[in-house]
Amino acid sequence: MHHAPTLADIEAAHARIAPHLHRTPILTSRLLDELSGAHLLFKCENFQRAGSFKARGAFNAILSLPEAQARGGVATHSSGNHAAAVALAARARGIAAHVVMPRTAPAVKKAAVAGYGARILECEPTLAAREAAVAEVVGETGAAYIPPYDHPAVIAGQGSCFLELLADSGGRLDLVTCPVGGGGLLSGTAIAAGALAPEVAVVAAEPEAADDAARGFLLGRRQPQVLPVATIADGLTTSMSALTFGIMREHADAVVIASEEAILEAMRLIWTRMKILVEPSSAVPLAAILERRFDVAGKRIAIILTGGNVDLDRLPWNPATA
């Protein structure tokens, strides 16, 4: 059974990974401040290496592996940003990466993972198939398994994002919000905020169509996500682990939801008004704010924009490709 990382773990993670990663900027938008009635600070992890915050957790987990363990390389399963992050971190350490991806994963994601030098193993698009394939490759190669969120070193790496936010936000923050899928980013953020800035509320946001975290938070019991899920925010359809769920229950203040229409509109607003590319999952917290799912009036709110890996050939608002 894994234990939750501490603030010391998160600070050590930040020191370990900082030389390898970008210190992503904080952007603001007067228009979005007007629309929300709040002062919004966007932490742009869409500019992170490999295109998402996932690089933080992957680099921390892989750089902190003991030499004897690292020799066998690393393995993971992911159809998304974690796959690219693991491939990049393994390349930085000079070890092999074996990435199990469902054969239905977008070609653009597979190309990114291959581009970082990882070996891709394709499997059927079910969790059981993915886990079986990872178990097989670990058995064959002795590779260390790097899960996408259910791991203290991964969570500690994700928590480093909040350390930067706090240092770079120029004073008081009232609230920090991020999307929740598996809960790694939320967990790291909530632990860091609870330890360093207990006055800052921590709010997770997820699609209404994939509201397992919101239901679990209310009921006090994990609610596994029933797949398939019809949401544009494809990065947020994973179920939380016992570890991340426990951290959420202990340290988060609220979990809110956003409709599909609002997620699409928020994504469009970020693209057109802020002139930056974000993937749909990144737009969920802003969508919840614009739908007034929680009280933001007059508050200074940090929003973690989680990633910018969008399939430009399948943009959600283009009817010809959707």
# chains A, B, ... in the order shown; residues from 1 in each chain; ligands from 1

$ select_by_dssp --residues "segment 24-181 of chain A" --states "helix (DSSP H, G or I)" --output "count of residues only"
81

$ closest_atom_pairs --of "segment 42-87 of chain A" --to "segment 105-127 of chain A" --cutoff "9 Å" --atoms "only C-alpha atoms" --output "JSON lines"
{"residue": "A:Ala50", "atom": "CA", "partner": "A:Ala112", "partner_atom": "CA", "distance": 8.2}
{"residue": "A:Ser78", "atom": "CA", "partner": "A:Ala105", "partner_atom": "CA", "distance": 9.0}
{"residue": "A:Ser79", "atom": "CA", "partner": "A:Ala105", "partner_atom": "CA", "distance": 5.5}
{"residue": "A:Gly80", "atom": "CA", "partner": "A:Lys109", "partner_atom": "CA", "distance": 6.5}
{"residue": "A:Asn81", "atom": "CA", "partner": "A:Lys109", "partner_atom": "CA", "distance": 7.9}
{"residue": "A:Ala83", "atom": "CA", "partner": "A:Val113", "partner_atom": "CA", "distance": 6.4}
{"residue": "A:Ala84", "atom": "CA", "partner": "A:Val113", "partner_atom": "CA", "distance": 4.7}
{"residue": "A:Ala85", "atom": "CA", "partner": "A:Val113", "partner_atom": "CA", "distance": 8.2}
{"residue": "A:Val86", "atom": "CA", "partner": "A:Val113", "partner_atom": "CA", "distance": 8.6}
{"residue": "A:Ala87", "atom": "CA", "partner": "A:Ala118", "partner_atom": "CA", "distance": 5.3}

$ closest_residue --among "A:Val100, A:Val256, A:Ile26, A:Ala135" --to "Lys43 of chain A" --atoms "only C-alpha atoms"
A:Ile26

$ closest_residue --among "A:Leu31, A:Ala97, A:Ala205, A:Cys178" --to "Gly142 of chain A" --atoms "only C-alpha atoms"
A:Ala97

$ residues_around --residues "Gly216 of chain A" --least-positions-apart "4" --cutoff "12 Å" --atoms "only C-alpha atoms" --output "ChimeraX atom specification"
/A:210-212,220-225,239-242,244-246,248-249,254-256
